[in-house]
$ cat final_25.txt   # compact mmCIF, C-alpha atoms
# COMPACT_ATOMS: atom_id res chain seq x y z
CA MET A 217 -7.41 11.83 10.74
CA TYR A 218 -10.01 9.55 9.21
CA PHE A 219 -11.65 12.43 7.35
CA LEU A 220 -8.46 12.94 5.31
CA TYR A 221 -9.04 9.69 3.43
CA LEU A 222 -12.54 10.19 2.12
CA CYS A 223 -11.11 10.97 -1.30
CA ASN A 224 -10.07 8.31 -3.77
CA MET A 225 -6.43 7.32 -3.96
CA LYS A 226 -4.52 5.14 -6.35
CA PHE A 227 -1.00 3.89 -6.63
CA ARG A 228 1.26 6.12 -8.69
CA GLU A 229 2.10 4.93 -12.18
CA GLY A 230 5.34 3.10 -12.77
CA TYR A 231 5.74 1.38 -9.40
CA LYS A 232 5.77 -2.41 -9.34
CA VAL A 233 6.39 -5.05 -6.71
CA ARG A 234 9.21 -7.47 -7.39
CA GLU A 235 10.67 -10.28 -5.34
CA ILE A 236 14.35 -9.71 -4.68
CA ALA A 237 16.34 -12.05 -2.42
CA GLY A 238 13.13 -13.42 -0.88
CA GLU A 239 11.71 -9.96 -0.08
CA HIS A 240 8.86 -8.21 -1.86
CA VAL A 241 9.97 -4.68 -2.67
CA VAL A 242 8.44 -1.74 -4.51
CA ILE A 243 10.52 -0.48 -7.42
CA MET A 244 10.01 2.13 -10.12
CA GLN A 245 9.91 0.50 -13.54
CA GLY A 246 12.30 1.67 -16.21
CA ARG A 247 14.51 3.93 -14.08
CA LEU A 248 18.15 3.45 -14.84
CA GLY A 249 20.36 4.27 -11.92
CA ALA A 250 17.47 4.21 -9.47
CA ASP A 251 18.30 5.05 -5.87
CA MET A 252 18.42 1.63 -4.23
CA THR A 253 19.22 3.15 -0.83
CA ARG A 254 15.48 3.72 -0.40
CA VAL A 255 14.00 0.26 -0.78
CA ILE A 256 10.39 -0.14 0.27
CA ALA A 257 9.83 -3.68 1.49
CA LEU A 258 6.33 -5.11 1.87
CA ASN A 259 5.33 -7.60 4.53
CA GLU A 260 2.65 -10.23 3.86
CA THR A 261 -0.25 -7.93 4.74
CA SER A 262 1.10 -4.97 2.76
CA LEU A 263 1.61 -7.23 -0.24
CA LEU A 264 -1.99 -8.46 0.03
CA LEU A 265 -3.25 -4.87 0.18
CA TRP A 266 -1.04 -3.78 -2.72
CA ASN A 267 -2.22 -6.66 -4.92
CA SER A 268 -5.88 -6.21 -3.96
CA LEU A 269 -5.95 -2.47 -4.65
CA GLN A 270 -3.59 -2.29 -7.62
CA GLN A 271 -4.78 -0.45 -10.76
CA LYS A 272 -7.94 0.96 -9.21
CA GLU A 273 -8.99 3.90 -7.15
CA PHE A 274 -9.58 3.10 -3.50
CA GLU A 275 -10.62 4.70 -0.25
CA ILE A 276 -9.71 3.86 3.32
CA GLU A 277 -12.89 1.77 3.56
CA ASP A 278 -11.57 -0.47 0.78
CA VAL A 279 -8.38 -1.07 2.75
CA VAL A 280 -10.44 -1.90 5.85
CA SER A 281 -12.57 -4.32 3.79
CA VAL A 282 -9.52 -6.21 2.50
CA LEU A 283 -8.19 -6.50 6.05
CA THR A 284 -11.46 -7.71 7.59
CA GLU A 285 -12.16 -10.14 4.74
CA ASN A 286 -8.72 -11.77 5.00
CA TYR A 287 -7.94 -11.59 8.71
CA ASP A 288 -9.84 -12.13 11.94
CA VAL A 289 -9.57 -8.50 13.01
CA ASP A 290 -11.96 -6.07 14.68
CA PRO A 291 -13.12 -3.36 12.23
CA GLN A 292 -11.84 -0.58 14.53
CA VAL A 293 -8.39 -2.19 14.67
CA ALA A 294 -8.50 -2.64 10.90
CA LEU A 295 -9.35 1.07 10.50
CA LYS A 296 -6.40 2.07 12.68
CA ASP A 297 -4.06 -0.24 10.73
CA ALA A 298 -5.44 0.91 7.37
CA THR A 299 -4.94 4.54 8.33
CA ALA A 300 -1.34 3.88 9.35
CA TRP A 301 -0.71 1.97 6.10
CA VAL A 302 -2.11 4.79 3.96
CA GLU A 303 -0.03 7.33 5.91
CA LYS A 304 3.09 5.32 5.11
CA LEU A 305 2.12 5.13 1.41
CA LYS A 306 1.71 8.90 1.34
CA GLU A 307 5.02 9.41 3.16
CA CYS A 308 6.75 7.26 0.54
CA LYS A 309 4.86 9.06 -2.26
CA LEU A 310 3.39 5.82 -3.60
CA VAL A 311 -0.19 7.10 -3.91
CA GLU A 312 -1.79 10.08 -5.55
$ encode --input "final_25.txt" --output "structure tokens"
Amino acid sequence: MYFLYLCNMKFREGYKVREIAGEHVVIMQGRLGADMTRVIALNETSLLLWNSLQQKEFEIEDVVSVLTENYDVDPQVALKDATAWVEKLKECKLVE
């Protein structure tokens, strides 16, 4: 699946991370009556990745770089984790 991520991605416009009740969640800015039944919560690592890659185009290699620069993780493990993270972003329609 690695070959699927050779293109640049970026976070879709209008999504922001906010802290609500001690959790970091992704919300769409300016939507009245937003569907709060689908809350996307970010753990510490996802928040780091989101903040590091916000407002720029990125590739899977950029995700791997953030992981290996901030954690003591083998590059192959980081690639597997980065791929899973990007898959989840795509599933939630947070990247284009």
$ residues_around --input "final_25.txt" --residues "stretch 289-293 of chain A" --least-positions-apart "6" --cutoff "9 Å" --atoms "all atoms listed in the file" --output "PDB file with C-alpha atoms, keeping the file's coordinate frame"
ATOM      1  CA  VAL A 280     -10.440  -1.900   5.850  1.00  0.00           C
ATOM      2  CA  SER A 281     -12.570  -4.320   3.790  1.00  0.00           C
ATOM      3  CA  LEU A 283      -8.190  -6.500   6.050  1.00  0.00           C
TER       4      LEU A 283
END
$ closest_residue --input "final_25.txt" --among "A:Ala300, A:Glu239, A:Cys308, A:Asn259" --to "A:Val279" --atoms "only C-alpha atoms"
A:Ala300
$ closest_residue --input "final_25.txt" --among "A:Ala237, A:Val282, A:Leu264, A:Leu258" --to "A:Leu305" --atoms "all atoms listed in the file"
A:Leu258
$ atom_distance --input "final_25.txt" --atom1 "atom CA of A:Arg234" --atom2 "atom CA of A:Lys296"
27.2 Å
$ atom_distance --input "final_25.txt" --atom1 "atom CA of A:Ala257" --atom2 "atom CA of A:Thr299"
18.2 Å
$ atom_distance --input "final_25.txt" --atom1 "atom CA of A:Glu260" --atom2 "atom CA of A:Ile243"
16.9 Å
